[in-house]
Every structure is written in structure tokens, then in C-alpha cells.
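Colleague: mmCIF, C-alpha atoms, saved as run_17.cif, coming up:
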```cif
data_target
loop_
_atom_site.label_atom_id
_atom_site.label_comp_id
_atom_site.auth_asym_id
_atom_site.auth_seq_id
_atom_site.Cartn_x
_atom_site.Cartn_y
_atom_site.Cartn_z
CA MET A 1142 0.00 0.00 0.00
CA ARG A 1143 2.09 2.84 -1.24
CA LEU A 1144 1.50 6.33 -2.40
CA ARG A 1145 1.49 6.83 -6.16
CA ARG A 1146 3.78 9.83 -6.34
CA THR A 1147 4.67 12.42 -8.94
CA ALA A 1148 8.34 12.86 -9.78
CA ALA A 1149 8.73 15.34 -6.93
CA LEU A 1150 7.32 12.90 -4.43
CA LEU A 1151 9.62 10.11 -5.62
CA ALA A 1152 12.49 12.00 -4.00
CA LEU A 1153 11.18 10.87 -0.62
CA THR A 1154 13.10 7.99 0.93
CA ALA A 1155 11.63 4.51 1.16
CA SER A 1156 11.55 4.79 4.94
CA VAL A 1157 8.72 7.31 4.75
CA ALA A 1158 6.90 5.84 1.75
CA LEU A 1159 3.99 4.63 3.83
CA SER A 1160 0.46 4.00 2.63
CA GLY A 1161 -1.45 7.20 2.27
CA CYS A 1162 -2.84 9.59 -0.27
CA GLY A 1163 -3.21 7.05 -2.98
CA GLY A 1164 -2.11 4.42 -0.47
CA ASP A 1165 -3.34 0.84 -0.62
CA ASP A 1166 -6.90 0.44 0.55
CA SER A 1167 -7.22 -2.48 -1.79
CA SER A 1168 -8.98 -5.12 0.25
CA GLY A 1169 -11.71 -5.08 -2.39
CA SER A 1170 -9.79 -4.85 -5.66
CA LYS A 1171 -11.57 -6.09 -8.77
CA ASP A 1172 -8.92 -8.72 -9.42
CA ASP A 1173 -9.76 -10.68 -6.28
CA ALA A 1174 -13.41 -9.76 -5.94
CA ASP A 1175 -15.79 -12.58 -5.21
CA GLY A 1176 -18.98 -10.70 -5.96
CA ALA A 1177 -20.54 -7.29 -6.30
CA ALA A 1178 -23.68 -5.55 -5.13
CA SER A 1179 -25.11 -2.50 -6.88
CA THR A 1180 -26.79 0.31 -4.96
CA GLY A 1181 -28.20 3.37 -6.70
CA GLY A 1182 -25.70 3.10 -9.53
CA CYS A 1183 -22.81 2.25 -7.20
CA ASP A 1184 -21.15 -1.16 -7.40
CA TRP A 1185 -19.70 -2.44 -4.12
CA VAL A 1186 -17.14 -5.00 -5.25
CA ARG A 1187 -16.49 -7.56 -2.54
CA GLY A 1188 -13.00 -8.89 -1.95
CA GLY A 1189 -10.49 -9.36 0.84
CA GLU A 1190 -11.05 -9.46 4.57
CA ALA A 1191 -12.55 -6.43 6.28
CA ALA A 1192 -10.37 -4.75 8.88
CA LYS A 1193 -13.48 -4.52 11.07
CA LYS A 1194 -16.80 -6.31 10.62
CA VAL A 1195 -18.93 -4.16 8.37
CA ASP A 1196 -21.42 -4.49 5.51
CA PRO A 1197 -21.48 -2.65 2.17
CA PRO A 1198 -24.11 0.10 1.97
CA ALA A 1199 -27.70 -1.13 1.97
CA ALA A 1200 -29.83 -1.02 -1.18
CA ASP A 1201 -31.63 2.10 0.05
CA ALA A 1202 -28.53 3.81 1.48
CA LYS A 1203 -28.16 7.54 0.91
CA PRO A 1204 -25.31 9.90 1.79
CA ALA A 1205 -25.57 12.26 4.71
CA THR A 1206 -25.06 15.97 4.18
CA SER A 1207 -21.99 15.90 6.37
CA VAL A 1208 -20.07 13.72 8.80
CA VAL A 1209 -18.48 15.04 11.98
CA LEU A 1210 -15.23 13.31 12.93
CA THR A 1211 -14.02 13.61 16.50
CA ILE A 1212 -10.23 13.26 16.37
CA ASN A 1213 -8.31 13.40 19.65
CA GLY A 1214 -11.22 15.33 21.13
CA ALA A 1215 -11.38 17.85 18.27
CA GLU A 1216 -14.48 18.04 16.07
CA VAL A 1217 -13.80 18.09 12.33
CA PRO A 1218 -17.02 18.50 10.30
CA ILE A 1219 -16.83 17.35 6.67
CA GLU A 1220 -19.41 18.48 4.12
CA LEU A 1221 -19.76 15.59 1.69
CA ASN A 1222 -19.30 16.06 -2.04
CA THR A 1223 -22.62 15.58 -3.86
CA LYS A 1224 -20.70 14.99 -7.12
CA ALA A 1225 -19.20 11.82 -5.64
CA PRO A 1226 -22.37 10.05 -4.44
CA CYS A 1227 -20.80 6.59 -4.17
CA ALA A 1228 -17.91 7.81 -2.02
CA ALA A 1229 -20.29 9.88 0.10
CA THR A 1230 -22.73 6.97 0.51
CA SER A 1231 -19.99 4.53 1.49
CA PHE A 1232 -18.45 6.99 3.95
CA THR A 1233 -21.84 7.65 5.53
CA SER A 1234 -22.62 3.92 5.78
CA LEU A 1235 -19.27 3.11 7.39
CA ALA A 1236 -19.75 5.95 9.87
CA GLU A 1237 -23.27 4.74 10.73
CA GLN A 1238 -21.96 1.23 11.37
CA GLY A 1239 -19.24 2.48 13.71
CA TYR A 1240 -16.44 1.34 11.42
CA TYR A 1241 -14.39 4.48 12.03
CA ASP A 1242 -14.93 4.63 15.80
CA ASP A 1243 -11.68 4.27 17.77
CA ALA A 1244 -9.69 3.93 14.51
CA PRO A 1245 -6.06 5.14 14.70
CA CYS A 1246 -4.84 7.38 11.88
CA SER A 1247 -1.80 5.85 10.21
CA ARG A 1248 0.08 8.74 8.67
CA VAL A 1249 0.82 12.44 8.93
CA SER A 1250 3.03 14.67 6.82
CA ASP A 1251 4.88 17.94 7.32
CA PRO A 1252 4.27 20.39 4.43
CA ALA A 1253 7.44 22.23 5.41
CA GLN A 1254 9.40 19.15 4.33
CA VAL A 1255 7.25 17.58 1.60
CA PRO A 1256 4.88 19.07 -1.02
CA TYR A 1257 1.71 18.00 0.75
CA GLY A 1258 0.03 18.15 4.15
CA ILE A 1259 -2.15 15.16 4.97
CA LEU A 1260 -3.51 13.14 7.84
CA GLN A 1261 -4.46 9.69 6.59
CA CYS A 1262 -7.17 7.78 8.43
CA GLY A 1263 -9.86 5.18 7.80
CA ASP A 1264 -8.14 1.89 8.63
CA PRO A 1265 -9.31 0.52 12.00
CA THR A 1266 -6.06 -1.47 12.31
CA GLY A 1267 -4.02 1.72 12.24
CA THR A 1268 -1.50 0.14 9.86
CA GLY A 1269 -2.62 1.89 6.69
CA SER A 1270 -3.29 -1.45 5.02
CA GLY A 1271 -6.86 -2.29 6.07
CA GLY A 1272 -10.12 -1.82 4.22
CA PRO A 1273 -13.85 -2.61 4.54
CA GLY A 1274 -13.88 -5.80 2.46
CA TYR A 1275 -15.27 -4.08 -0.61
CA SER A 1276 -14.20 -1.45 -3.11
CA PHE A 1277 -15.91 0.96 -5.48
CA ALA A 1278 -15.10 2.93 -8.61
CA ASP A 1279 -13.47 6.34 -8.86
CA GLU A 1280 -15.66 9.39 -9.39
CA LEU A 1281 -13.30 11.70 -11.27
CA THR A 1282 -13.59 14.58 -13.69
CA GLY A 1283 -9.87 14.88 -14.40
CA ASP A 1284 -9.72 18.30 -12.75
CA GLU A 1285 -9.40 17.14 -9.16
CA SER A 1286 -6.95 18.89 -6.87
CA CYS A 1287 -6.20 18.66 -3.16
CA PRO A 1288 -6.18 22.17 -1.67
CA ALA A 1289 -6.12 22.80 2.05
CA GLY A 1290 -9.48 21.80 3.52
CA SER A 1291 -10.25 19.08 1.00
CA VAL A 1292 -10.85 15.43 1.88
CA ALA A 1293 -10.08 12.71 -0.67
CA MET A 1294 -10.26 8.94 -0.91
CA ALA A 1295 -7.00 6.99 -0.69
CA ASN A 1296 -6.54 4.24 -3.26
CA ALA A 1297 -4.16 1.63 -4.64
CA GLY A 1298 -4.84 2.47 -8.27
CA PRO A 1299 -7.91 3.02 -10.43
CA ASP A 1300 -11.27 2.00 -8.91
CA THR A 1301 -9.89 0.65 -5.61
CA ASN A 1302 -11.57 3.05 -3.17
CA GLY A 1303 -12.43 1.51 0.18
CA SER A 1304 -12.47 3.11 3.62
CA GLN A 1305 -9.24 5.08 3.81
CA PHE A 1306 -9.14 8.81 3.19
CA PHE A 1307 -6.83 11.74 3.73
CA LEU A 1308 -7.52 15.12 5.25
CA ASN A 1309 -5.55 17.89 3.53
CA PHE A 1310 -4.60 20.42 6.20
CA ALA A 1311 -2.33 22.17 3.66
CA ASP A 1312 -2.29 22.41 -0.12
CA SER A 1313 -1.18 19.04 -1.50
CA GLN A 1314 0.42 18.59 -4.92
CA PHE A 1315 -1.11 15.36 -6.19
CA PRO A 1316 -2.27 14.23 -9.65
CA PRO A 1317 -6.05 14.23 -10.28
CA ASP A 1318 -6.36 10.55 -9.36
CA TYR A 1319 -8.22 10.77 -6.06
CA THR A 1320 -11.98 11.04 -5.63
CA LEU A 1321 -12.86 14.12 -3.62
CA LEU A 1322 -14.98 13.03 -0.68
CA GLY A 1323 -15.75 16.43 0.79
CA THR A 1324 -14.56 19.64 2.42
CA MET A 1325 -13.69 20.42 6.03
CA SER A 1326 -15.23 23.44 7.70
CA PRO A 1327 -12.90 26.33 8.64
CA GLU A 1328 -13.41 25.47 12.30
CA GLY A 1329 -12.58 21.85 11.57
CA MET A 1330 -9.40 22.89 9.80
CA THR A 1331 -8.31 24.94 12.79
CA ALA A 1332 -8.99 22.01 15.11
CA LEU A 1333 -7.20 19.55 12.82
CA LYS A 1334 -4.05 21.67 12.60
CA LYS A 1335 -3.67 21.43 16.36
CA VAL A 1336 -4.05 17.65 16.19
CA VAL A 1337 -1.46 17.18 13.42
CA SER A 1338 1.06 19.41 15.17
CA VAL A 1339 2.38 16.22 16.81
CA GLY A 1340 4.21 15.56 13.53
CA ALA A 1341 5.62 12.25 12.37
CA GLU A 1342 7.84 9.90 14.33
CA GLY A 1343 11.47 10.97 14.27
CA GLY A 1344 10.59 14.37 12.86
CA VAL A 1345 10.52 13.01 9.30
CA GLY A 1346 8.43 14.68 6.63
CA ASP A 1347 5.99 11.81 6.23
CA GLY A 1348 5.27 8.89 8.54
CA ALA A 1349 3.32 7.46 11.44
CA PRO A 1350 2.20 10.11 13.96
CA ALA A 1351 4.69 10.75 16.76
CA GLU A 1352 1.78 10.52 19.21
CA PRO A 1353 -1.48 8.59 18.79
CA VAL A 1354 -4.05 10.30 16.56
CA THR A 1355 -7.40 8.53 16.69
CA ILE A 1356 -10.87 8.99 15.24
CA GLU A 1357 -12.91 8.58 18.39
CA SER A 1358 -16.23 8.78 16.55
CA ALA A 1359 -17.74 9.57 13.15
CA ARG A 1360 -21.27 11.00 13.26
CA PRO A 1361 -23.37 11.52 10.09
CA VAL A 1362 -25.49 14.66 9.98
CA GLU A 1363 -28.52 14.87 7.69
#
```
Could you render the structure from this file as C-alpha cells?
Modeller:
Amino acid sequence: MRLRRTAALLALTASVALSGCGGDDSSGSKDDADGAASTGGCDWVRGGEAAKKVDPPAADAKPATSVVLTINGAEVPIELNTKAPCAATSFTSLAEQGYYDDAPCSRVSDPAQVPYGILQCGDPTGTGSGGPGYSFADELTGDESCPAGSVAMANAGPDTNGSQFFLNFADSQFPPDYTLLGTMSPEGMTALKKVVSVGAEGGVGDGAPAEPVTIESARPVE
């Protein structure tokens, strides 16, 4: 589960090339899928073992307007992107089922050292390698970018979205390969910046948080 980097990102050393923005959330890749369920035009492709017991979205599932993450006691509201209904529906369903509750975030970066600022979360194992046991297709226009405040799905290549996502607390220079899940509120951004100030272990530009960073709860808001 590694980040698909541009040439600038390839300059990073292997020791910090952890899963992340574009990291492997591939537990449900199409190659090893053993079935698929379609919901409202979204195909949930089953495959791999779920990091935490969870079901794909129900047939009548709909996305919430927003989801409020509580991370290390700080509330980070995310307004979901209506132009990515499958990502928004999956995210809402996982939040409703408690999949994200007590889930450690696996990676943080320092935009002063690397050309992006992300906190990667969404794997209940905290390793950056877990997923929900299903995947779904990208929802891309080709014009996607990752400015500060945006939230995007992590992936392991085309159409391998699962449960992992990254919160951009600074402008991030990535190719338009990541489905935009939503946008953090200004208040959420302020709260998140305090959380990510712990930095990465060893003071490196990109790696596991130096101190635990955990999603304590994820609450959908209609």
C-alpha cells in the first residue's frame, strides 16, 4: 500500500513511503473480488477481509449531508461532495456502522518538508493497510486537486476506493487521481491543525504520527 507519487514525491526515501494519499486500501480490488452488489448506480465489489466487521451500503442507502469526525477530542465537520455520491454513501454507511470509531490514523506529513500536508485515516487497524472488504469505482472529472481543507479517498490504483481517506490540512500537490470526498469546515481545519502538530515519528516529513491520533467517533449529519 504505497502512495502513487509524482516525480517530486519520488524523491522521498523509502523509509517514509507509507500508505497514504493514494495508499493501498485495496482489500476489495476487482482482481480478487468474489462478488458485487449494486446500490443506486454504485457497485460495491467484494474482496479481501474487512479490517473490522462491516457491511457494504444497503440497497436504500443515501449519503448524509456531512459527517463530523471527533479526532483526539477535536471536532472536524466534513461536508460531503454531492458529485461523488458513491464515495459519500460509502463513507456515511461506514460511519453509521461504527467502522471508524476508535480507529487510529496511520500517517501524517509535514508540508514544510514535503509538497503535501495530509492526515491519513480510515483503517481501523491503524496500519494503513486495512479496508472494509469491498471497493468501489473512482468518481473523477480529471480536474481534481487537493487544496487545504479538501478530503479525498486513498486508493491503490484506479477504482480501488475503500475506507481510507486523507484530510488535507495544507495544499497538496497530487495528480487528479483521487476522488474528492468532501470539504472540512474552517473550524474543523483549525482544530485539525492542532491535532497534526504532533508531527511524524522521528521528525521526518511523512510517517506514522509521533503521538497517537485517533478517530474517536464519526457521526453523520442529515
Colleague: Which residues match the PyMOL selection byres ((chain A and resi 1352) around 9) in the file above, as a ChimeraX atom specification?
Modeller: /A:1339-1342,1349-1351,1353-1354
Colleague: Residue by residue, what does the PyMOL selection byres ((chain A and resi 1203) around 8) grab here? Present the result as number ranges by chain.
Modeller: A: 1201-1202, 1204-1205, 1230, 1233
Colleague: Counting all atoms listed in the file, give me one row per residue of region 1292-1340 of chain A with an atom at most 12 Å from an atom of region 1214-1218 of chain A, showing the shortest contact pair and its distance in Å to one decimal, sorted by chain then residue number, as JSON lines.
Modeller:
```
{"residue": "A:Val1292", "atom": "CA", "partner": "A:Pro1218", "partner_atom": "CA", "distance": 10.9}
{"residue": "A:Leu1308", "atom": "CA", "partner": "A:Val1217", "partner_atom": "CA", "distance": 9.9}
{"residue": "A:Phe1310", "atom": "CA", "partner": "A:Val1217", "partner_atom": "CA", "distance": 11.3}
{"residue": "A:Gly1323", "atom": "CA", "partner": "A:Pro1218", "partner_atom": "CA", "distance": 9.8}
{"residue": "A:Thr1324", "atom": "CA", "partner": "A:Pro1218", "partner_atom": "CA", "distance": 8.3}
{"residue": "A:Met1325", "atom": "CA", "partner": "A:Pro1218", "partner_atom": "CA", "distance": 5.7}
{"residue": "A:Ser1326", "atom": "CA", "partner": "A:Pro1218", "partner_atom": "CA", "distance": 5.9}
{"residue": "A:Pro1327", "atom": "CA", "partner": "A:Pro1218", "partner_atom": "CA", "distance": 9.0}
{"residue": "A:Glu1328", "atom": "CA", "partner": "A:Val1217", "partner_atom": "CA", "distance": 7.4}
{"residue": "A:Gly1329", "atom": "CA", "partner": "A:Val1217", "partner_atom": "CA", "distance": 4.0}
{"residue": "A:Met1330", "atom": "CA", "partner": "A:Val1217", "partner_atom": "CA", "distance": 7.0}
{"residue": "A:Thr1331", "atom": "CA", "partner": "A:Val1217", "partner_atom": "CA", "distance": 8.8}
{"residue": "A:Ala1332", "atom": "CA", "partner": "A:Ala1215", "partner_atom": "CA", "distance": 5.7}
{"residue": "A:Leu1333", "atom": "CA", "partner": "A:Val1217", "partner_atom": "CA", "distance": 6.8}
{"residue": "A:Lys1334", "atom": "CA", "partner": "A:Ala1215", "partner_atom": "CA", "distance": 10.0}
{"residue": "A:Lys1335", "atom": "CA", "partner": "A:Ala1215", "partner_atom": "CA", "distance": 8.7}
{"residue": "A:Val1336", "atom": "CA", "partner": "A:Ala1215", "partner_atom": "CA", "distance": 7.6}
{"residue": "A:Val1337", "atom": "CA", "partner": "A:Ala1215", "partner_atom": "CA", "distance": 11.1}
```
Colleague: Expand the PyMOL selection byres ((chain A and resi 1273) around 10) into the individual residues it matches in the shown file, reporting them as a PyMOL selection string.
Modeller: chain A and resi 1166-1169+1187-1197+1231+1235+1240+1263-1265+1271-1272+1274-1276+1302-1305
Colleague: Counting all atoms listed in the file, which of A:Ser1234, A:Ser1291, A:Gln1261, A:Asn1222 gets nearest to Ala1199 (chain A)?
Modeller: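 Closest to Ala1199 (chain A) of all the choices is A:Ser1234.
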